[in-house]
Amino acid sequence: MFIVDKLPKSITAESYRSLRTNIQYSSIDKQVKTLVVTSSNAGEGKSTVAGNLAYTFFQNGKRVLIIDCDLRKPSLHRKFNVSNEEGLTDVLVGTSKLNNVMKKIDDNLYLLTTGTLPPNPAEIIGSNTMENFLEQCKINFDYIILDTPPVQVVADAQILSTKVDGTIIVVRAGVTKKEDVHDTVNTLKKVNANIIG
């Protein structure tokens, strides 16, 4: 369940709207249109944050695409209750067209699931094809939110953070260790990721 959709007047939903506003004003010179949402470790809530954030931008009148870029353990198709038969990887390798595989969640809110899980996730994520795909998406969407694997587990989020306008690190209160957050920030800084929150 995405609380911004189900309980839009709740305090939690208001917190997500505050996050949206902070993102919108995080850069004066360059609009933040593409975002990586990641965490240090699994189970810290990054997919939930990504989904709720997508809803807040959509409710603000924006055209939004949320992409599940966790090509190892995808979860957004379950959270949105849609099929994961075809998706991102199928588009990138040229066996499917974006318009045929992205799911319309609401009027201007779309989801692209991972699709076929590849044997080489990092190579696909790091490819020029992926970069060109994101540039093409910018033409048709106001915001593109990428849900990625945790930074401490694999390099995918680090790779993707170099291809987007901003990166958000999700920290679970009372669970995430301070050292892990510190390591995650340093790992992302090594590739000059624009960490905006």
# chains A, B, ... in the order shown; residues from 1 in each chain; ligands from 1
call {"tool": "residues_around", "arguments": {"residues": "Ile66 of chain A", "least_positions_apart": "3", "cutoff": "10 Å", "atoms": "only C-alpha atoms", "output": "NGL selection string"}}
result
:A and (34-35 or 50-51 or 53-55 or 69 or 76 or 102-103 or 109-113 or 143-147)
call {"tool": "write_last_selection", "arguments": {"atoms": "N, CA, C and O atoms", "output": "JSON list (two decimals), in the first residue's frame"}}
result
[["chain", "number", "residue", "atom", "x", "y", "z"],
["A", 34, "THR", "N", 15.37, 13.33, -13.02],
["A", 34, "THR", "CA", 15.62, 11.91, -12.84],
["A", 34, "THR", "C", 16.23, 11.67, -11.46],
["A", 34, "THR", "O", 17.17, 12.36, -11.06],
["A", 35, "LEU", "N", 15.68, 10.69, -10.75],
["A", 35, "LEU", "CA", 16.08, 10.44, -9.37],
["A", 35, "LEU", "C", 16.36, 8.96, -9.13],
["A", 35, "LEU", "O", 15.58, 8.11, -9.56],
["A", 50, "ALA", "N", 10.10, 5.24, -2.94],
["A", 50, "ALA", "CA", 10.06, 5.53, -4.38],
["A", 50, "ALA", "C", 8.61, 5.60, -4.87],
["A", 50, "ALA", "O", 8.23, 6.53, -5.60],
["A", 51, "GLY", "N", 7.79, 4.63, -4.46],
["A", 51, "GLY", "CA", 6.39, 4.60, -4.88],
["A", 51, "GLY", "C", 5.60, 5.78, -4.35],
["A", 51, "GLY", "O", 4.83, 6.43, -5.08],
["A", 53, "LEU", "N", 6.79, 8.65, -3.38],
["A", 53, "LEU", "CA", 7.31, 9.86, -4.01],
["A", 53, "LEU", "C", 6.71, 10.04, -5.41],
["A", 53, "LEU", "O", 6.33, 11.16, -5.79],
["A", 54, "ALA", "N", 6.60, 8.95, -6.14],
["A", 54, "ALA", "CA", 5.99, 8.99, -7.47],
["A", 54, "ALA", "C", 4.55, 9.51, -7.37],
["A", 54, "ALA", "O", 4.12, 10.37, -8.16],
["A", 55, "TYR", "N", 3.81, 9.04, -6.37],
["A", 55, "TYR", "CA", 2.44, 9.51, -6.18],
["A", 55, "TYR", "C", 2.39, 11.00, -5.85],
["A", 55, "TYR", "O", 1.50, 11.72, -6.32],
["A", 69, "CYS", "N", 14.56, -0.67, -11.14],
["A", 69, "CYS", "CA", 15.91, -0.98, -11.66],
["A", 69, "CYS", "C", 16.62, -2.01, -10.80],
["A", 69, "CYS", "O", 17.84, -2.18, -10.92],
["A", 76, "LEU", "N", 8.60, -3.77, -7.16],
["A", 76, "LEU", "CA", 7.55, -2.80, -7.46],
["A", 76, "LEU", "C", 6.33, -3.42, -8.14],
["A", 76, "LEU", "O", 5.21, -2.97, -7.91],
["A", 102, "MET", "N", 5.08, -0.56, -20.38],
["A", 102, "MET", "CA", 4.88, 0.21, -19.16],
["A", 102, "MET", "C", 3.41, 0.15, -18.75],
["A", 102, "MET", "O", 2.52, 0.08, -19.59],
["A", 103, "LYS", "N", 3.18, 0.13, -17.45],
["A", 103, "LYS", "CA", 1.83, 0.00, -16.91],
["A", 103, "LYS", "C", 1.30, 1.37, -16.50],
["A", 103, "LYS", "O", 1.99, 2.12, -15.81],
["A", 109, "LEU", "N", 0.57, 8.67, -14.22],
["A", 109, "LEU", "CA", 1.51, 7.89, -13.41],
["A", 109, "LEU", "C", 1.72, 6.53, -14.06],
["A", 109, "LEU", "O", 0.75, 5.77, -14.23],
["A", 110, "TYR", "N", 2.97, 6.24, -14.42],
["A", 110, "TYR", "CA", 3.30, 5.00, -15.13],
["A", 110, "TYR", "C", 4.39, 4.24, -14.39],
["A", 110, "TYR", "O", 5.27, 4.84, -13.76],
["A", 111, "LEU", "N", 4.35, 2.92, -14.53],
["A", 111, "LEU", "CA", 5.35, 2.03, -13.92],
["A", 111, "LEU", "C", 5.99, 1.18, -15.00],
["A", 111, "LEU", "O", 5.30, 0.63, -15.85],
["A", 112, "LEU", "N", 7.31, 1.10, -14.94],
["A", 112, "LEU", "CA", 8.05, 0.17, -15.79],
["A", 112, "LEU", "C", 8.71, -0.84, -14.87],
["A", 112, "LEU", "O", 9.60, -0.49, -14.09],
["A", 113, "THR", "N", 8.24, -2.09, -14.93],
["A", 113, "THR", "CA", 8.81, -3.14, -14.09],
["A", 113, "THR", "C", 10.15, -3.59, -14.69],
["A", 113, "THR", "O", 10.54, -3.13, -15.76],
["A", 143, "TYR", "N", 9.03, 13.68, -14.33],
["A", 143, "TYR", "CA", 9.90, 13.05, -13.33],
["A", 143, "TYR", "C", 10.03, 11.56, -13.62],
["A", 143, "TYR", "O", 9.05, 10.90, -13.97],
["A", 144, "ILE", "N", 11.27, 11.06, -13.46],
["A", 144, "ILE", "CA", 11.54, 9.63, -13.62],
["A", 144, "ILE", "C", 12.23, 9.18, -12.33],
["A", 144, "ILE", "O", 13.29, 9.70, -11.97],
["A", 145, "ILE", "N", 11.61, 8.23, -11.65],
["A", 145, "ILE", "CA", 12.13, 7.75, -10.36],
["A", 145, "ILE", "C", 12.62, 6.32, -10.54],
["A", 145, "ILE", "O", 11.88, 5.45, -10.99],
["A", 146, "LEU", "N", 13.90, 6.10, -10.21],
["A", 146, "LEU", "CA", 14.52, 4.79, -10.36],
["A", 146, "LEU", "C", 14.70, 4.13, -9.00],
["A", 146, "LEU", "O", 15.42, 4.65, -8.15],
["A", 147, "ASP", "N", 14.02, 3.01, -8.81],
["A", 147, "ASP", "CA", 14.18, 2.23, -7.59],
["A", 147, "ASP", "C", 15.32, 1.25, -7.83],
["A", 147, "ASP", "O", 15.25, 0.42, -8.73]]
call {"tool": "select_by_dssp", "arguments": {"residues": "segment 21-189 of chain A", "states": "strand (DSSP E or B)", "output": "list of chain:residue names"}}
result
A:Thr34, A:Leu35, A:Val36, A:Val37, A:Thr38, A:Ser39, A:Val64, A:Leu65, A:Ile66, A:Ile67, A:Asp68, A:Lys103, A:Lys104, A:Ile105, A:Asp106, A:Leu109, A:Tyr110, A:Leu111, A:Leu112, A:Tyr143, A:Ile144, A:Ile145, A:Leu146, A:Asp147, A:Gly166, A:Thr167, A:Ile168, A:Ile169, A:Val170
call {"tool": "write_last_selection", "arguments": {"atoms": "N, CA, C and O atoms", "output": "mmCIF file, in the first residue's frame"}}
result
data_model
loop_
_atom_site.group_PDB
_atom_site.id
_atom_site.type_symbol
_atom_site.label_atom_id
_atom_site.label_comp_id
_atom_site.auth_asym_id
_atom_site.auth_seq_id
_atom_site.Cartn_x
_atom_site.Cartn_y
_atom_site.Cartn_z
ATOM 1 N N THR A 34 15.371 13.333 -13.022
ATOM 2 C CA THR A 34 15.622 11.906 -12.839
ATOM 3 C C THR A 34 16.233 11.672 -11.464
ATOM 4 O O THR A 34 17.174 12.357 -11.065
ATOM 5 N N LEU A 35 15.679 10.689 -10.748
ATOM 6 C CA LEU A 35 16.077 10.437 -9.366
ATOM 7 C C LEU A 35 16.361 8.957 -9.130
ATOM 8 O O LEU A 35 15.580 8.108 -9.563
ATOM 9 N N VAL A 36 17.452 8.679 -8.450
ATOM 10 C CA VAL A 36 17.715 7.335 -7.937
ATOM 11 C C VAL A 36 17.280 7.319 -6.482
ATOM 12 O O VAL A 36 17.619 8.219 -5.717
ATOM 13 N N VAL A 37 16.495 6.299 -6.109
ATOM 14 C CA VAL A 37 16.146 6.087 -4.706
ATOM 15 C C VAL A 37 16.819 4.791 -4.295
ATOM 16 O O VAL A 37 16.578 3.736 -4.883
ATOM 17 N N THR A 38 17.694 4.886 -3.300
ATOM 18 C CA THR A 38 18.451 3.707 -2.872
ATOM 19 C C THR A 38 18.559 3.685 -1.354
ATOM 20 O O THR A 38 18.008 4.548 -0.657
ATOM 21 N N SER A 39 19.270 2.707 -0.833
ATOM 22 C CA SER A 39 19.498 2.584 0.607
ATOM 23 C C SER A 39 20.825 1.882 0.815
ATOM 24 O O SER A 39 21.467 1.468 -0.155
ATOM 25 N N VAL A 64 4.663 11.227 -14.457
ATOM 26 C CA VAL A 64 5.707 10.506 -13.717
ATOM 27 C C VAL A 64 5.863 9.070 -14.225
ATOM 28 O O VAL A 64 4.880 8.371 -14.464
ATOM 29 N N LEU A 65 7.124 8.653 -14.340
ATOM 30 C CA LEU A 65 7.455 7.259 -14.644
ATOM 31 C C LEU A 65 8.331 6.732 -13.513
ATOM 32 O O LEU A 65 9.351 7.329 -13.181
ATOM 33 N N ILE A 66 7.895 5.647 -12.906
ATOM 34 C CA ILE A 66 8.723 4.994 -11.889
ATOM 35 C C ILE A 66 9.239 3.691 -12.502
ATOM 36 O O ILE A 66 8.480 2.936 -13.109
ATOM 37 N N ILE A 67 10.556 3.482 -12.388
ATOM 38 C CA ILE A 67 11.197 2.318 -13.010
ATOM 39 C C ILE A 67 11.825 1.434 -11.935
ATOM 40 O O ILE A 67 12.605 1.917 -11.104
ATOM 41 N N ASP A 68 11.501 0.157 -11.971
ATOM 42 C CA ASP A 68 12.147 -0.796 -11.064
ATOM 43 C C ASP A 68 13.470 -1.207 -11.694
ATOM 44 O O ASP A 68 13.513 -1.956 -12.664
ATOM 45 N N LYS A 103 3.176 0.131 -17.450
ATOM 46 C CA LYS A 103 1.833 -0.003 -16.905
ATOM 47 C C LYS A 103 1.298 1.369 -16.502
ATOM 48 O O LYS A 103 1.988 2.120 -15.810
ATOM 49 N N LYS A 104 0.074 1.655 -16.915
ATOM 50 C CA LYS A 104 -0.571 2.899 -16.520
ATOM 51 C C LYS A 104 -1.233 2.689 -15.161
ATOM 52 O O LYS A 104 -2.176 1.917 -15.041
ATOM 53 N N ILE A 105 -0.700 3.364 -14.144
ATOM 54 C CA ILE A 105 -1.230 3.226 -12.786
ATOM 55 C C ILE A 105 -2.375 4.216 -12.579
ATOM 56 O O ILE A 105 -3.378 3.918 -11.953
ATOM 57 N N ASP A 106 -2.208 5.400 -13.119
ATOM 58 C CA ASP A 106 -3.226 6.447 -13.059
ATOM 59 C C ASP A 106 -3.013 7.353 -14.273
ATOM 60 O O ASP A 106 -2.119 7.093 -15.073
ATOM 61 N N LEU A 109 0.571 8.666 -14.223
ATOM 62 C CA LEU A 109 1.513 7.891 -13.410
ATOM 63 C C LEU A 109 1.716 6.526 -14.057
ATOM 64 O O LEU A 109 0.754 5.768 -14.235
ATOM 65 N N TYR A 110 2.971 6.238 -14.421
ATOM 66 C CA TYR A 110 3.298 5.002 -15.129
ATOM 67 C C TYR A 110 4.393 4.241 -14.393
ATOM 68 O O TYR A 110 5.267 4.840 -13.762
ATOM 69 N N LEU A 111 4.351 2.916 -14.532
ATOM 70 C CA LEU A 111 5.347 2.032 -13.918
ATOM 71 C C LEU A 111 5.989 1.185 -15.000
ATOM 72 O O LEU A 111 5.298 0.627 -15.853
ATOM 73 N N LEU A 112 7.312 1.104 -14.939
ATOM 74 C CA LEU A 112 8.049 0.172 -15.791
ATOM 75 C C LEU A 112 8.709 -0.838 -14.869
ATOM 76 O O LEU A 112 9.604 -0.489 -14.094
ATOM 77 N N TYR A 143 9.028 13.680 -14.329
ATOM 78 C CA TYR A 143 9.899 13.049 -13.331
ATOM 79 C C TYR A 143 10.030 11.562 -13.624
ATOM 80 O O TYR A 143 9.052 10.903 -13.973
ATOM 81 N N ILE A 144 11.266 11.057 -13.458
ATOM 82 C CA ILE A 144 11.543 9.630 -13.618
ATOM 83 C C ILE A 144 12.235 9.179 -12.334
ATOM 84 O O ILE A 144 13.292 9.704 -11.970
ATOM 85 N N ILE A 145 11.608 8.231 -11.652
ATOM 86 C CA ILE A 145 12.127 7.751 -10.365
ATOM 87 C C ILE A 145 12.623 6.323 -10.543
ATOM 88 O O ILE A 145 11.876 5.446 -10.993
ATOM 89 N N LEU A 146 13.898 6.098 -10.206
ATOM 90 C CA LEU A 146 14.523 4.786 -10.360
ATOM 91 C C LEU A 146 14.703 4.126 -8.997
ATOM 92 O O LEU A 146 15.417 4.652 -8.145
ATOM 93 N N ASP A 147 14.022 3.015 -8.806
ATOM 94 C CA ASP A 147 14.176 2.226 -7.589
ATOM 95 C C ASP A 147 15.324 1.249 -7.833
ATOM 96 O O ASP A 147 15.252 0.417 -8.734
ATOM 97 N N GLY A 166 19.718 13.431 -9.496
ATOM 98 C CA GLY A 166 19.838 13.420 -8.041
ATOM 99 C C GLY A 166 19.647 12.034 -7.461
ATOM 100 O O GLY A 166 19.004 11.171 -8.065
ATOM 101 N N THR A 167 20.227 11.819 -6.267
ATOM 102 C CA THR A 167 20.135 10.533 -5.574
ATOM 103 C C THR A 167 19.623 10.747 -4.161
ATOM 104 O O THR A 167 20.079 11.660 -3.457
ATOM 105 N N ILE A 168 18.682 9.905 -3.760
ATOM 106 C CA ILE A 168 18.134 9.941 -2.402
ATOM 107 C C ILE A 168 18.488 8.638 -1.703
ATOM 108 O O ILE A 168 18.312 7.560 -2.269
ATOM 109 N N ILE A 169 19.001 8.755 -0.478
ATOM 110 C CA ILE A 169 19.349 7.577 0.316
ATOM 111 C C ILE A 169 18.281 7.407 1.401
ATOM 112 O O ILE A 169 18.061 8.307 2.214
ATOM 113 N N VAL A 170 17.627 6.248 1.408
ATOM 114 C CA VAL A 170 16.612 5.961 2.410
ATOM 115 C C VAL A 170 17.296 5.334 3.621
ATOM 116 O O VAL A 170 18.081 4.393 3.488
#
call {"tool": "residues_around", "arguments": {"residues": "segment 186-189 of chain A", "least_positions_apart": "4", "cutoff": "7 Å", "atoms": "only C-alpha atoms", "output": "PyMOL selection string"}}
result
chain A and resi 158+182+193
call {"tool": "atom_distance", "arguments": {"atom1": "atom CA of Thr129 of chain A", "atom2": "atom CA of Ser161 of chain A"}}
result
15.5 Å
call {"tool": "atom_distance", "arguments": {"atom1": "atom CA of Val82 of chain A", "atom2": "atom CA of Ile23 of chain A"}}
result
27.8 Å
call {"tool": "atom_distance", "arguments": {"atom1": "atom CA of Asp156 of chain A", "atom2": "atom CA of Ala122 of chain A"}}
result
5.6 Å
call {"tool": "closest_residue", "arguments": {"among": "A:Lys177, A:Ile159, A:Asp107, A:Val151", "to": "Glu131 of chain A", "atoms": "only C-alpha atoms"}}
result
A:Ile159
call {"tool": "closest_residue", "arguments": {"among": "A:Ser27, A:Thr89, A:Asn41, A:Asn52", "to": "Glu14 of chain A", "atoms": "only C-alpha atoms"}}
result
A:Asn52
call {"tool": "closest_residue", "arguments": {"among": "A:Ala13, A:Ile139, A:Pro118, A:Tyr25", "to": "Arg72 of chain A", "atoms": "only C-alpha atoms"}}
result
A:Pro118
call {"tool": "select_by_dssp", "arguments": {"residues": "segment 102-185 of chain A", "states": "helix (DSSP H, G or I)", "output": "PyMOL selection string"}}
result
chain A and resi 121-125+128-140+156-161+178-185
call {"tool": "closest_residue", "arguments": {"among": "A:Phe58, A:Tyr16, A:Phe80, A:Phe2", "to": "Asp142 of chain A", "atoms": "only C-alpha atoms"}}
result
A:Phe58
call {"tool": "closest_residue", "arguments": {"among": "A:Asn60, A:Gly115, A:Val91, A:Ser96", "to": "His77 of chain A", "atoms": "only C-alpha atoms"}}
result
A:Gly115
call {"tool": "closest_residue", "arguments": {"among": "A:Ile196, A:Ser15, A:Asn108, A:Met130", "to": "Gly94 of chain A", "atoms": "only C-alpha atoms"}}
result
A:Met130
